[in-house]
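These notes are about the structure you will find just below.
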Amino acid sequence: MVPFLLFAATACATEAASTRETPAVPPDSRPAAIDLASRTGLVYAAVLHQLVEVDHGYGNAPSPYRRVYVIDGAVPHAADVRGGAGFRRVAHPFGAGVKQRITQRLDGARPLVFVRSRAEVIGGRTSRSPGEVMDRGVLVTLGPVKWINGGTARVANNRWAAGKDGQWLVYTVKLRHGHWRVAGIHGAVTIS
């Protein structure tokens, strides 16, 4: 009698679980999957938000940066101190769709400007020291998005504001509840 009750309880639980997993929205009425450029832009926007607003290096204080400068294009070794800072110019700028998603997602945040090289923003006349980013800004370099699966990506990156305000690392970014968010750090972190 006990084995029969155990089987009956398992069968009921299995049926109940399968009805809960049935989507509430019929497949034909779901929104179409977004294109790769849009997904890439949303992943980059999550990384930029994390670097500028959360992992800015000043603990729980508000972000000190007034402007955000982003190197216009993926830099393959962005998380490597030598590779991420040693390039001259990016060969291929981000596409219009990627830039559009980044700026849309970060709308209302600090002013964001795409630049072709570090020389455009480091040590200018509004910098307080030779290695500082102008206008009290931060320079962000992003690596290519490495897709782990449809809901997880890794992005090498670095941020630089001055000699004692730099960081190089790789973020793992995940799609959760319809939004891309940084879920953690993959590998080593270098700071200056």
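Here, A, B, ... name the chains of the structure tokens in the order displayed, residue numbers run from 1 inside each chain, and ligands are numbered from 1 in the same displayed order.
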Tell me, which residues of segment 32-185 of chain A carry DSSP strand (DSSP E or B), written as a PyMOL selection string? chain A and resi 68-71+112-115+122+133+138-149+152-162+165-176+179-185
Could you list, with a cut-off of 10 Å and counting only C-alpha atoms, the residues of segment 120-171 of chain A near segment 37-42 of chain A, each shown with its nearest atom pair and the distance in Å rounded to one decimal, rows sorted by chain and ascending number, as a Markdown table?
```
| residue | atom | partner | partner_atom | distance |
| --- | --- | --- | --- | --- |
| A:Pro144 | CA | A:Thr40 | CA | 9.1 |
| A:Val145 | CA | A:Thr40 | CA | 6.8 |
| A:Lys146 | CA | A:Thr40 | CA | 9.7 |
| A:Trp147 | CA | A:Thr40 | CA | 9.5 |
| A:Gly150 | CA | A:Arg39 | CA | 9.6 |
| A:Gly151 | CA | A:Arg39 | CA | 9.8 |
| A:Ala153 | CA | A:Thr40 | CA | 9.2 |
```
Write to file, as a short mmCIF file (atom, residue, chain, number, x, y, z; two decimals), in the first residue's frame, the residues of the selection just made, with all heavy atoms.
```cif
data_model
loop_
_atom_site.label_atom_id
_atom_site.label_comp_id
_atom_site.auth_asym_id
_atom_site.auth_seq_id
_atom_site.Cartn_x
_atom_site.Cartn_y
_atom_site.Cartn_z
N PRO A 144 35.57 42.56 -26.43
CA PRO A 144 34.46 41.93 -27.16
C PRO A 144 33.58 41.14 -26.19
O PRO A 144 34.07 40.60 -25.20
CB PRO A 144 35.15 40.98 -28.13
CG PRO A 144 36.59 41.35 -28.12
CD PRO A 144 36.86 42.06 -26.84
N VAL A 145 32.29 41.08 -26.47
CA VAL A 145 31.38 40.26 -25.66
C VAL A 145 31.64 38.80 -26.03
O VAL A 145 31.60 38.45 -27.21
CB VAL A 145 29.90 40.63 -25.92
CG1 VAL A 145 28.98 39.67 -25.19
CG2 VAL A 145 29.64 42.06 -25.50
N LYS A 146 31.94 37.99 -25.03
CA LYS A 146 32.12 36.54 -25.24
C LYS A 146 30.87 35.85 -24.71
O LYS A 146 30.64 35.82 -23.50
CB LYS A 146 33.37 36.05 -24.53
CG LYS A 146 34.63 36.61 -25.14
CD LYS A 146 35.86 36.02 -24.53
CE LYS A 146 37.08 36.64 -25.20
NZ LYS A 146 38.32 36.16 -24.64
N TRP A 147 30.06 35.32 -25.61
CA TRP A 147 28.80 34.69 -25.23
C TRP A 147 29.07 33.30 -24.70
O TRP A 147 29.65 32.46 -25.37
CB TRP A 147 27.84 34.65 -26.41
CG TRP A 147 27.46 36.02 -26.86
CD1 TRP A 147 27.96 36.72 -27.92
CD2 TRP A 147 26.52 36.88 -26.22
NE1 TRP A 147 27.38 37.96 -27.98
CE2 TRP A 147 26.50 38.09 -26.95
CE3 TRP A 147 25.71 36.75 -25.10
CZ2 TRP A 147 25.69 39.16 -26.60
CZ3 TRP A 147 24.90 37.82 -24.75
CH2 TRP A 147 24.89 39.00 -25.49
N GLY A 150 22.90 31.92 -24.30
CA GLY A 150 21.96 33.00 -24.62
C GLY A 150 21.68 33.96 -23.49
O GLY A 150 21.23 35.09 -23.71
N GLY A 151 21.97 33.56 -22.25
CA GLY A 151 21.68 34.41 -21.11
C GLY A 151 22.89 34.77 -20.27
O GLY A 151 22.76 35.36 -19.20
N ALA A 153 27.14 36.22 -20.58
CA ALA A 153 28.26 36.71 -21.38
C ALA A 153 29.38 37.15 -20.45
O ALA A 153 29.16 37.39 -19.27
CB ALA A 153 27.80 37.88 -22.25
#
```
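Using only C-alpha atoms, the contacts of Glu53 of chain A at a cut-off of 9 Å, with sequence neighbours closer than 5 positions omitted, comprise Leu48, Pro62, Ser63, Pro64 and Tyr65 of chain A.
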Those same residues - all heavy atoms - I'd like them written as a PDB file, in the first residue's frame.
```
ATOM      1  N   LEU A  48      28.994  49.116 -18.138  1.00  0.00           N
ATOM      2  CA  LEU A  48      29.261  50.540 -17.883  1.00  0.00           C
ATOM      3  C   LEU A  48      28.608  51.006 -16.588  1.00  0.00           C
ATOM      4  O   LEU A  48      29.226  51.716 -15.789  1.00  0.00           O
ATOM      5  CB  LEU A  48      28.778  51.393 -19.056  1.00  0.00           C
ATOM      6  CG  LEU A  48      29.641  51.298 -20.309  1.00  0.00           C
ATOM      7  CD1 LEU A  48      28.914  51.883 -21.507  1.00  0.00           C
ATOM      8  CD2 LEU A  48      30.961  52.013 -20.074  1.00  0.00           C
ATOM      9  N   PRO A  62      28.994  58.201  -3.533  1.00  0.00           N
ATOM     10  CA  PRO A  62      28.489  58.319  -4.911  1.00  0.00           C
ATOM     11  C   PRO A  62      29.657  58.339  -5.896  1.00  0.00           C
ATOM     12  O   PRO A  62      30.783  58.687  -5.540  1.00  0.00           O
ATOM     13  CB  PRO A  62      27.753  59.660  -4.930  1.00  0.00           C
ATOM     14  CG  PRO A  62      27.750  60.177  -3.548  1.00  0.00           C
ATOM     15  CD  PRO A  62      28.664  59.345  -2.716  1.00  0.00           C
ATOM     16  N   SER A  63      29.381  57.983  -7.123  1.00  0.00           N
ATOM     17  CA  SER A  63      30.407  57.977  -8.156  1.00  0.00           C
ATOM     18  C   SER A  63      31.001  59.380  -8.313  1.00  0.00           C
ATOM     19  O   SER A  63      30.271  60.363  -8.400  1.00  0.00           O
ATOM     20  CB  SER A  63      29.806  57.527  -9.491  1.00  0.00           C
ATOM     21  OG  SER A  63      30.789  57.565 -10.487  1.00  0.00           O
ATOM     22  N   PRO A  64      32.327  59.480  -8.353  1.00  0.00           N
ATOM     23  CA  PRO A  64      32.966  60.792  -8.469  1.00  0.00           C
ATOM     24  C   PRO A  64      33.053  61.319  -9.904  1.00  0.00           C
ATOM     25  O   PRO A  64      33.451  62.458 -10.119  1.00  0.00           O
ATOM     26  CB  PRO A  64      34.370  60.525  -7.926  1.00  0.00           C
ATOM     27  CG  PRO A  64      34.625  59.111  -8.316  1.00  0.00           C
ATOM     28  CD  PRO A  64      33.297  58.413  -8.181  1.00  0.00           C
ATOM     29  N   TYR A  65      32.684  60.496 -10.874  1.00  0.00           N
ATOM     30  CA  TYR A  65      32.899  60.856 -12.266  1.00  0.00           C
ATOM     31  C   TYR A  65      31.783  61.746 -12.800  1.00  0.00           C
ATOM     32  O   TYR A  65      30.613  61.476 -12.615  1.00  0.00           O
ATOM     33  CB  TYR A  65      33.011  59.605 -13.128  1.00  0.00           C
ATOM     34  CG  TYR A  65      33.989  58.598 -12.568  1.00  0.00           C
ATOM     35  CD1 TYR A  65      33.603  57.289 -12.316  1.00  0.00           C
ATOM     36  CD2 TYR A  65      35.299  58.961 -12.278  1.00  0.00           C
ATOM     37  CE1 TYR A  65      34.489  56.369 -11.802  1.00  0.00           C
ATOM     38  CE2 TYR A  65      36.193  58.045 -11.758  1.00  0.00           C
ATOM     39  CZ  TYR A  65      35.788  56.752 -11.520  1.00  0.00           C
ATOM     40  OH  TYR A  65      36.665  55.855 -11.006  1.00  0.00           O
TER      41      TYR A  65
END
```
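If only C-alpha atoms are the atoms counted, then among A:Ala79, A:Arg67, A:Leu112, A:Ser117 the closest residue to Ala161 of chain A is A:Arg67.
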Report as a PDB file with all heavy atoms, in the first residue's frame all protein, DNA and RNA residues lying within 8 Å of segment 172-189 of chain A, evaluated on only C-alpha atoms, omitting residues in the same chain fewer than 2 positions from it.
```pdb
ATOM      1  N   LEU A  42      23.067  46.085 -24.732  1.00  0.00           N
ATOM      2  CA  LEU A  42      22.512  45.970 -23.381  1.00  0.00           C
ATOM      3  C   LEU A  42      23.525  45.366 -22.407  1.00  0.00           C
ATOM      4  O   LEU A  42      23.602  45.775 -21.246  1.00  0.00           O
ATOM      5  CB  LEU A  42      21.223  45.148 -23.399  1.00  0.00           C
ATOM      6  CG  LEU A  42      20.049  45.813 -24.115  1.00  0.00           C
ATOM      7  CD1 LEU A  42      18.890  44.840 -24.271  1.00  0.00           C
ATOM      8  CD2 LEU A  42      19.602  47.065 -23.377  1.00  0.00           C
ATOM      9  N   VAL A  43      24.320  44.418 -22.880  1.00  0.00           N
ATOM     10  CA  VAL A  43      25.378  43.836 -22.041  1.00  0.00           C
ATOM     11  C   VAL A  43      26.422  44.905 -21.723  1.00  0.00           C
ATOM     12  O   VAL A  43      26.826  45.074 -20.571  1.00  0.00           O
ATOM     13  CB  VAL A  43      26.016  42.606 -22.721  1.00  0.00           C
ATOM     14  CG1 VAL A  43      27.305  42.188 -22.022  1.00  0.00           C
ATOM     15  CG2 VAL A  43      25.024  41.450 -22.756  1.00  0.00           C
ATOM     16  N   ALA A  46      25.177  47.317 -19.108  1.00  0.00           N
ATOM     17  CA  ALA A  46      25.250  46.757 -17.748  1.00  0.00           C
ATOM     18  C   ALA A  46      26.668  46.882 -17.197  1.00  0.00           C
ATOM     19  O   ALA A  46      26.867  47.221 -16.027  1.00  0.00           O
ATOM     20  CB  ALA A  46      24.799  45.291 -17.752  1.00  0.00           C
ATOM     21  N   VAL A  47      27.661  46.629 -18.038  1.00  0.00           N
ATOM     22  CA  VAL A  47      29.063  46.742 -17.618  1.00  0.00           C
ATOM     23  C   VAL A  47      29.393  48.195 -17.281  1.00  0.00           C
ATOM     24  O   VAL A  47      30.007  48.483 -16.244  1.00  0.00           O
ATOM     25  CB  VAL A  47      30.009  46.187 -18.710  1.00  0.00           C
ATOM     26  CG1 VAL A  47      31.460  46.544 -18.420  1.00  0.00           C
ATOM     27  CG2 VAL A  47      29.831  44.683 -18.835  1.00  0.00           C
ATOM     28  N   GLN A  50      27.883  49.197 -13.961  1.00  0.00           N
ATOM     29  CA  GLN A  50      28.613  48.600 -12.843  1.00  0.00           C
ATOM     30  C   GLN A  50      29.932  49.331 -12.592  1.00  0.00           C
ATOM     31  O   GLN A  50      30.269  49.653 -11.456  1.00  0.00           O
ATOM     32  CB  GLN A  50      28.877  47.119 -13.127  1.00  0.00           C
ATOM     33  CG  GLN A  50      29.464  46.366 -11.958  1.00  0.00           C
ATOM     34  CD  GLN A  50      28.449  46.036 -10.889  1.00  0.00           C
ATOM     35  OE1 GLN A  50      27.245  46.021 -11.135  1.00  0.00           O
ATOM     36  NE2 GLN A  50      28.932  45.749  -9.694  1.00  0.00           N
ATOM     37  N   GLY A 151      21.967  33.561 -22.254  1.00  0.00           N
ATOM     38  CA  GLY A 151      21.681  34.412 -21.108  1.00  0.00           C
ATOM     39  C   GLY A 151      22.889  34.774 -20.272  1.00  0.00           C
ATOM     40  O   GLY A 151      22.762  35.360 -19.197  1.00  0.00           O
ATOM     41  N   THR A 152      24.092  34.450 -20.758  1.00  0.00           N
ATOM     42  CA  THR A 152      25.318  34.741 -20.007  1.00  0.00           C
ATOM     43  C   THR A 152      26.420  35.173 -20.968  1.00  0.00           C
ATOM     44  O   THR A 152      26.598  34.569 -22.027  1.00  0.00           O
ATOM     45  CB  THR A 152      25.798  33.497 -19.224  1.00  0.00           C
ATOM     46  OG1 THR A 152      24.740  33.030 -18.394  1.00  0.00           O
ATOM     47  CG2 THR A 152      27.014  33.814 -18.368  1.00  0.00           C
ATOM     48  N   ALA A 153      27.136  36.215 -20.575  1.00  0.00           N
ATOM     49  CA  ALA A 153      28.259  36.706 -21.382  1.00  0.00           C
ATOM     50  C   ALA A 153      29.379  37.152 -20.453  1.00  0.00           C
ATOM     51  O   ALA A 153      29.155  37.391 -19.267  1.00  0.00           O
ATOM     52  CB  ALA A 153      27.804  37.878 -22.248  1.00  0.00           C
ATOM     53  N   ARG A 154      30.576  37.257 -21.015  1.00  0.00           N
ATOM     54  CA  ARG A 154      31.719  37.801 -20.278  1.00  0.00           C
ATOM     55  C   ARG A 154      32.291  38.962 -21.073  1.00  0.00           C
ATOM     56  O   ARG A 154      32.391  38.894 -22.298  1.00  0.00           O
ATOM     57  CB  ARG A 154      32.787  36.738 -20.056  1.00  0.00           C
ATOM     58  CG  ARG A 154      32.358  35.709 -19.047  1.00  0.00           C
ATOM     59  CD  ARG A 154      33.520  34.939 -18.481  1.00  0.00           C
ATOM     60  NE  ARG A 154      33.010  33.968 -17.543  1.00  0.00           N
ATOM     61  CZ  ARG A 154      33.108  32.657 -17.698  1.00  0.00           C
ATOM     62  NH1 ARG A 154      33.726  32.152 -18.745  1.00  0.00           N
ATOM     63  NH2 ARG A 154      32.607  31.852 -16.797  1.00  0.00           N
ATOM     64  N   VAL A 155      32.666  40.017 -20.346  1.00  0.00           N
ATOM     65  CA  VAL A 155      33.219  41.204 -20.993  1.00  0.00           C
ATOM     66  C   VAL A 155      34.465  41.661 -20.233  1.00  0.00           C
ATOM     67  O   VAL A 155      34.379  42.046 -19.070  1.00  0.00           O
ATOM     68  CB  VAL A 155      32.190  42.364 -21.027  1.00  0.00           C
ATOM     69  CG1 VAL A 155      32.801  43.588 -21.700  1.00  0.00           C
ATOM     70  CG2 VAL A 155      30.912  41.941 -21.727  1.00  0.00           C
ATOM     71  N   GLN A 167      41.336  50.249 -13.013  1.00  0.00           N
ATOM     72  CA  GLN A 167      40.893  48.894 -12.681  1.00  0.00           C
ATOM     73  C   GLN A 167      40.773  48.088 -13.973  1.00  0.00           C
ATOM     74  O   GLN A 167      40.269  48.587 -14.972  1.00  0.00           O
ATOM     75  CB  GLN A 167      39.537  48.974 -11.987  1.00  0.00           C
ATOM     76  CG  GLN A 167      38.874  47.637 -11.731  1.00  0.00           C
ATOM     77  CD  GLN A 167      37.541  47.836 -11.053  1.00  0.00           C
ATOM     78  OE1 GLN A 167      37.487  48.038  -9.857  1.00  0.00           O
ATOM     79  NE2 GLN A 167      36.464  47.778 -11.806  1.00  0.00           N
ATOM     80  N   TRP A 168      41.233  46.819 -13.949  1.00  0.00           N
ATOM     81  CA  TRP A 168      41.179  45.930 -15.087  1.00  0.00           C
ATOM     82  C   TRP A 168      40.592  44.600 -14.620  1.00  0.00           C
ATOM     83  O   TRP A 168      41.085  44.004 -13.662  1.00  0.00           O
ATOM     84  CB  TRP A 168      42.581  45.693 -15.651  1.00  0.00           C
ATOM     85  CG  TRP A 168      43.233  46.923 -16.192  1.00  0.00           C
ATOM     86  CD1 TRP A 168      43.307  47.280 -17.504  1.00  0.00           C
ATOM     87  CD2 TRP A 168      43.907  47.946 -15.462  1.00  0.00           C
ATOM     88  NE1 TRP A 168      43.975  48.473 -17.623  1.00  0.00           N
ATOM     89  CE2 TRP A 168      44.355  48.912 -16.386  1.00  0.00           C
ATOM     90  CE3 TRP A 168      44.162  48.181 -14.107  1.00  0.00           C
ATOM     91  CZ2 TRP A 168      45.045  50.046 -16.014  1.00  0.00           C
ATOM     92  CZ3 TRP A 168      44.849  49.322 -13.735  1.00  0.00           C
ATOM     93  CH2 TRP A 168      45.289  50.240 -14.693  1.00  0.00           C
ATOM     94  N   LEU A 169      39.558  44.111 -15.299  1.00  0.00           N
ATOM     95  CA  LEU A 169      38.916  42.856 -14.898  1.00  0.00           C
ATOM     96  C   LEU A 169      37.976  42.342 -15.978  1.00  0.00           C
ATOM     97  O   LEU A 169      37.786  42.993 -17.005  1.00  0.00           O
ATOM     98  CB  LEU A 169      38.142  43.030 -13.585  1.00  0.00           C
ATOM     99  CG  LEU A 169      37.101  44.140 -13.513  1.00  0.00           C
ATOM    100  CD1 LEU A 169      35.764  43.678 -14.001  1.00  0.00           C
ATOM    101  CD2 LEU A 169      36.981  44.613 -12.083  1.00  0.00           C
ATOM    102  N   VAL A 170      37.375  41.171 -15.731  1.00  0.00           N
ATOM    103  CA  VAL A 170      36.373  40.585 -16.627  1.00  0.00           C
ATOM    104  C   VAL A 170      35.095  40.383 -15.815  1.00  0.00           C
ATOM    105  O   VAL A 170      35.120  39.757 -14.755  1.00  0.00           O
ATOM    106  CB  VAL A 170      36.831  39.218 -17.196  1.00  0.00           C
ATOM    107  CG1 VAL A 170      35.736  38.595 -18.058  1.00  0.00           C
ATOM    108  CG2 VAL A 170      38.125  39.378 -17.996  1.00  0.00           C
ATOM    109  N   ILE A 191      44.216  46.613  -9.893  1.00  0.00           N
ATOM    110  CA  ILE A 191      43.853  48.004  -9.602  1.00  0.00           C
ATOM    111  C   ILE A 191      45.115  48.853  -9.485  1.00  0.00           C
ATOM    112  O   ILE A 191      46.203  48.341  -9.231  1.00  0.00           O
ATOM    113  CB  ILE A 191      43.006  48.136  -8.306  1.00  0.00           C
ATOM    114  CG1 ILE A 191      43.760  47.562  -7.102  1.00  0.00           C
ATOM    115  CG2 ILE A 191      41.668  47.481  -8.470  1.00  0.00           C
ATOM    116  CD1 ILE A 191      43.082  47.843  -5.780  1.00  0.00           C
TER     117      ILE A 191
END
```
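Ranking A:His92, A:His77, A:Arg101, A:Arg82 by their shortest atom-to-atom distance to Ala45 of chain A, with only C-alpha atoms included, puts A:Arg101 first.
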Do you know which residues are at most 12 Å from Val121 of chain A counting only C-alpha atoms, after dropping those on the same chain fewer than 3 positions away, and could you put them as a PyMOL selection string? chain A and resi 67-71+113-118+124-127+130-140+160-162
Separation of atom CA of Pro111 of chain A and atom CA of Ala156 of chain A, in Å? 22.3 Å
One-decimal distance in Å that lies between atom CA of Ala74 of chain A and atom CA of Pro93 of chain A: 7.4 Å
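Shortest separation to Ala96 of chain A among A:Gly73, A:Ala109, A:Leu142, A:Ile148 occurs at residue A:Gly73, atoms counted being only C-alpha atoms.
Atom pair atom CA of Arg159 of chain A / atom CA of Leu51 of chain A: separated by 7.1 Å.
Nearest residue to Gly97 of chain A, choosing from A:Leu36, A:Ser192, A:Gly163, A:Tyr171 and counting only C-alpha atoms: A:Leu36.
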